[in-house]
Amino acid sequence: MNISTRTRFESAADATPTTVAFENAPLTPFHLRVTFAGTGGQFSDGFVLGIIGIALAIATPQLHLNAVWLGVLGAASLAGLFAGSLFAGSFVDRFGRRALFNYDMALFAVISVAQFWVTSPTQLLILRLLLGITLGFDYVVSKALVVEYSPLRLRGRLLSWLAIAWALGYACAYVVGYLLKDHGPDIWRVMLLSSAVPAAVVFLFRVRIPESPLWLQRKGRTTEALAIIRDNIGPNIVLNRPAETAQTAQAGSSSGSAITKVFSSQWRMRLFIACFFYMCLVIPYFSLGTFSPMVFASLHIQDKFLAGLIYNVFLLVGTVAGALVVDRISRRAFLLWGFFLSAIVLACLSFGSHLPGTAVVALFAVFALVLSGTNNLCFLYPQELFTTELRATALGFAVAASRIGSAVTTFLFPSIVAIYGGQAAVYLCVVVLAVGGVTCAIWAPETRHTSLES
């Protein structure tokens, strides 16, 4: 159908009955293809972060690792994520989503393979930092591209698949490590190398994914955007005119960089919420997940690796459960219940030395269930807080804040457990969750029905 440019930019209310607004498009195989390509990257991300804890436990004698080195190597990828996401955010908003999305997993696979030949902690540290930087690229670009293609009514569920894939990768990494751990002193090398396999498969699915139509529209490349929509989603799908605020209309839509705008009075509170809630959720996620065998050992659990396996399986189960409810309740309710329930369950573990081992493992499983379900919002909520013009930049800052917070705590975690015991580490996570919940109760806005351009 030949539709004039003027008609194509009419709002959904003004569009003719034969046209459908881009955000209201019916679900197509192309939407699922983009989502799958995005989930593949998240699976790889979760896998490479999940495998390091059990790999380091086995590599410790060969690499002569002490508590400081364990903390440094455990936090290395998270620190790299900080740097990578900061760079990726402004890059992706300025130059587009496609370039990084199509090729970052190839680089990820190459670096993963290189881990097999490390002979010192320093070499492994450098490679883990590089992996983290690449992960930072992917955290930003995969979420931005998938959300900008997702129909509004299915946005939560499609983005939740990224969270499920991440948790699945994290859990699968622990399962792989658990099954391989008794196969010789060098098996940790195979564990670290194994993250190259999903990354290489994902790369093959990504190389032909086109650019985001919403980003092209923002850059004035409307003809390209409409061609992508026509070829992949349908000929009757139209783009809405991007919403403009009064401030933008007065100052000009092109004035100022995305970084300057995201720190302006109009957006800075939303940026703070995106950064702070994200950081408060992932600090206990990574700290307890990475060193769960150490925590369980300090709480006198006999089979620390089996307990860690149960914990990681419930992380996956919780993510799936979260995906089922994310589009059925408000974002605020989901966020607040997740923070406070996680804190309450974890607080019960402060009595860990007086509880039987089965009760400790059961409470950790419930905690994992609630925390990972709420973690679905890390893949969705920050992106709904911003328009396409600022989305990747803001997401880059949110990911960076979350990873620097989790990197610092992951670095300190082995020393805290070694000096003060597992209960002290649990107390720390309870405080972080409680503060996050109170902060969101005061300032977090509702975004469930928000258009990505409003």
# chains A, B, ... in the order shown; residues from 1 in each chain; ligands from 1
$ residues_around --residues "Thr119 of chain A" --least-positions-apart "6" --cutoff "12 Å" --atoms "only C-alpha atoms" --output "PyMOL selection string"
chain A and resi 59+62-64+125+127+186+189
$ write_last_selection --atoms "C-alpha atoms" --output "PDB file, in the first residue's frame"
ATOM      1  CA  ALA A  59      41.628 -22.936  40.011  1.00  0.00           C
ATOM      2  CA  GLN A  62      47.019 -23.752  40.519  1.00  0.00           C
ATOM      3  CA  LEU A  63      46.837 -19.965  40.340  1.00  0.00           C
ATOM      4  CA  HIS A  64      47.694 -19.512  44.060  1.00  0.00           C
ATOM      5  CA  LEU A 125      42.149 -10.618  35.160  1.00  0.00           C
ATOM      6  CA  LEU A 127      40.653 -11.303  29.900  1.00  0.00           C
ATOM      7  CA  ASP A 186      42.698 -28.287  34.845  1.00  0.00           C
ATOM      8  CA  ARG A 189      40.075 -24.003  31.887  1.00  0.00           C
TER       9      ARG A 189
END
$ select_by_dssp --residues "segment 142-290 of chain A" --states "alpha helix (DSSP H)" --output "compact mmCIF listing (two decimals) with C-alpha atoms, in the first residue's frame"
# COMPACT_ATOMS: atom_id res chain seq x y z
CA SER A 142 20.43 -5.83 23.15
CA LYS A 143 17.92 -4.37 25.60
CA ALA A 144 17.52 -1.16 23.60
CA LEU A 145 16.96 -2.96 20.29
CA VAL A 146 14.54 -5.56 21.65
CA VAL A 147 12.41 -3.03 23.55
CA GLU A 148 12.18 -0.72 20.53
CA TYR A 149 10.83 -3.54 18.37
CA ARG A 155 6.73 -5.47 25.99
CA GLY A 156 7.05 -6.85 29.52
CA ARG A 157 6.82 -10.47 28.45
CA LEU A 158 9.25 -10.12 25.53
CA LEU A 159 11.81 -8.27 27.65
CA SER A 160 11.32 -10.88 30.36
CA TRP A 161 12.66 -13.45 27.94
CA LEU A 162 15.97 -11.60 28.14
CA ALA A 163 15.86 -11.94 31.91
CA ILE A 164 14.96 -15.64 31.61
CA ALA A 165 17.81 -16.20 29.17
CA TRP A 166 20.24 -14.44 31.51
CA ALA A 167 19.12 -16.53 34.48
CA LEU A 168 19.18 -19.68 32.33
CA GLY A 169 22.74 -18.91 31.28
CA TYR A 170 23.71 -18.22 34.88
CA ALA A 171 22.09 -21.46 36.10
CA CYS A 172 23.46 -23.53 33.19
CA ALA A 173 26.95 -22.26 33.96
CA TYR A 174 26.66 -23.54 37.50
CA VAL A 175 25.27 -26.88 36.28
CA VAL A 176 28.14 -27.23 33.80
CA GLY A 177 30.62 -26.37 36.52
CA TYR A 178 28.99 -28.77 38.96
CA LEU A 179 29.11 -31.65 36.45
CA LEU A 180 32.72 -30.95 35.41
CA ILE A 187 38.96 -28.57 34.24
CA TRP A 188 38.49 -24.92 35.23
CA ARG A 189 40.07 -24.00 31.89
CA VAL A 190 37.34 -25.90 30.03
CA MET A 191 34.71 -24.24 32.21
CA LEU A 192 35.92 -20.77 31.27
CA LEU A 193 36.32 -21.63 27.58
CA ALA A 196 32.49 -19.26 23.74
CA VAL A 197 29.98 -21.84 22.49
CA PRO A 198 26.69 -19.96 23.11
CA ALA A 199 28.32 -16.69 22.03
CA ALA A 200 29.33 -18.13 18.65
CA VAL A 201 25.83 -19.51 18.06
CA VAL A 202 24.24 -16.17 18.96
CA PHE A 203 26.51 -14.31 16.54
CA LEU A 204 25.12 -16.35 13.64
CA PHE A 205 21.56 -15.30 14.53
CA ARG A 206 22.40 -11.62 14.89
CA PRO A 213 13.10 1.97 13.17
CA LEU A 214 12.55 4.26 16.16
CA TRP A 215 16.23 5.25 16.16
CA LEU A 216 16.20 5.81 12.39
CA GLN A 217 13.11 8.00 12.73
CA ARG A 218 14.80 10.09 15.43
CA THR A 222 12.24 7.82 8.00
CA THR A 223 12.32 6.16 4.58
CA GLU A 224 14.77 3.51 5.85
CA ALA A 225 12.67 2.97 8.97
CA LEU A 226 9.48 2.45 6.99
CA ALA A 227 11.24 0.08 4.59
CA ILE A 228 12.43 -2.09 7.49
CA ILE A 229 8.94 -2.14 8.98
CA ARG A 230 7.34 -2.95 5.62
CA ASP A 231 9.77 -5.79 4.84
CA ASN A 232 9.78 -7.40 8.28
CA ALA A 246 7.78 22.00 25.40
CA GLN A 247 11.40 22.27 26.41
CA THR A 248 12.52 20.39 23.30
CA ALA A 249 10.32 22.49 21.07
CA GLN A 250 11.85 25.68 22.45
CA ALA A 251 15.47 24.55 22.53
CA ALA A 258 22.33 12.86 25.04
CA ILE A 259 24.60 12.86 28.11
CA THR A 260 23.83 16.53 28.79
CA LYS A 261 20.10 15.97 28.37
CA VAL A 262 19.91 12.89 30.57
CA ARG A 268 17.88 13.48 36.31
CA MET A 269 15.46 12.02 38.88
CA ARG A 270 14.48 9.24 36.50
CA LEU A 271 18.17 8.59 35.85
CA PHE A 272 18.79 8.33 39.59
CA ILE A 273 15.93 5.84 40.03
CA ALA A 274 17.10 3.76 37.05
CA CYS A 275 20.64 3.60 38.46
CA PHE A 276 19.76 3.11 42.11
CA PHE A 277 17.06 0.43 41.85
CA TYR A 278 19.20 -1.52 39.36
CA MET A 279 22.24 -1.38 41.66
CA CYS A 280 20.29 -2.42 44.76
CA LEU A 281 18.81 -5.45 43.01
CA VAL A 282 22.01 -6.81 41.47
CA ILE A 283 24.34 -6.34 44.46
CA PRO A 284 22.84 -9.31 46.38
CA TYR A 285 22.24 -11.17 43.10
CA PHE A 286 25.91 -11.21 42.14
CA SER A 287 27.44 -11.27 45.61
CA LEU A 288 25.49 -14.29 46.84
CA GLY A 289 25.41 -15.97 43.43
CA THR A 290 29.13 -15.72 42.67
$ residues_around --residues "segment 364-373 of chain A" --least-positions-apart "5" --cutoff "10 Å" --atoms "only C-alpha atoms" --output "VMD selection string"
chain A and resid 160 163 to 164 167 281 to 282 284 to 285 288 to 289 292 296 307 to 308 310 to 326 334 to 335 337 to 349 358 to 359 433
$ residues_around --residues "Leu100 of chain A" --least-positions-apart "6" --cutoff "9 Å" --atoms "only C-alpha atoms" --output "PyMOL selection string"
chain A and resi 88+92+137-138+141-142
$ atom_distance --atom1 "atom CA of Gly422 of chain A" --atom2 "atom CA of Phe43 of chain A"
28.8 Å
$ closest_residue --among "A:Val238, A:Val430, A:Ile442, A:Ala401" --to "Glu23 of chain A" --atoms "only C-alpha atoms"
A:Val238
$ residues_around --residues "segment 394-397 of chain A" --least-positions-apart "5" --cutoff "6 Å" --atoms "only C-alpha atoms" --output "short mmCIF file (atom, residue, chain, number, x, y, z; two decimals) with N, CA and C atoms, in the first residue's frame"
data_model
loop_
_atom_site.label_atom_id
_atom_site.label_comp_id
_atom_site.auth_asym_id
_atom_site.auth_seq_id
_atom_site.Cartn_x
_atom_site.Cartn_y
_atom_site.Cartn_z
N SER A 85 29.49 -0.41 29.42
CA SER A 85 28.14 0.14 29.32
C SER A 85 28.16 1.66 29.25
N LEU A 86 29.11 2.30 29.93
CA LEU A 86 29.22 3.76 29.84
C LEU A 86 29.54 4.19 28.42
N GLY A 89 26.46 3.28 25.83
CA GLY A 89 25.22 4.06 25.88
C GLY A 89 25.21 5.22 24.91
N VAL A 140 23.60 -3.01 26.99
CA VAL A 140 22.91 -1.80 26.54
C VAL A 140 22.21 -2.04 25.21
#
$ closest_residue --among "A:Ala25, A:Ala67, A:Leu385, A:Leu355" --to "Glu446 of chain A" --atoms "only C-alpha atoms"
A:Leu385
$ atom_distance --atom1 "atom CA of Ser406 of chain A" --atom2 "atom CA of Gly74 of chain A"
10.3 Å
$ atom_distance --atom1 "atom CA of Arg391 of chain A" --atom2 "atom CA of Asp93 of chain A"
7.4 Å
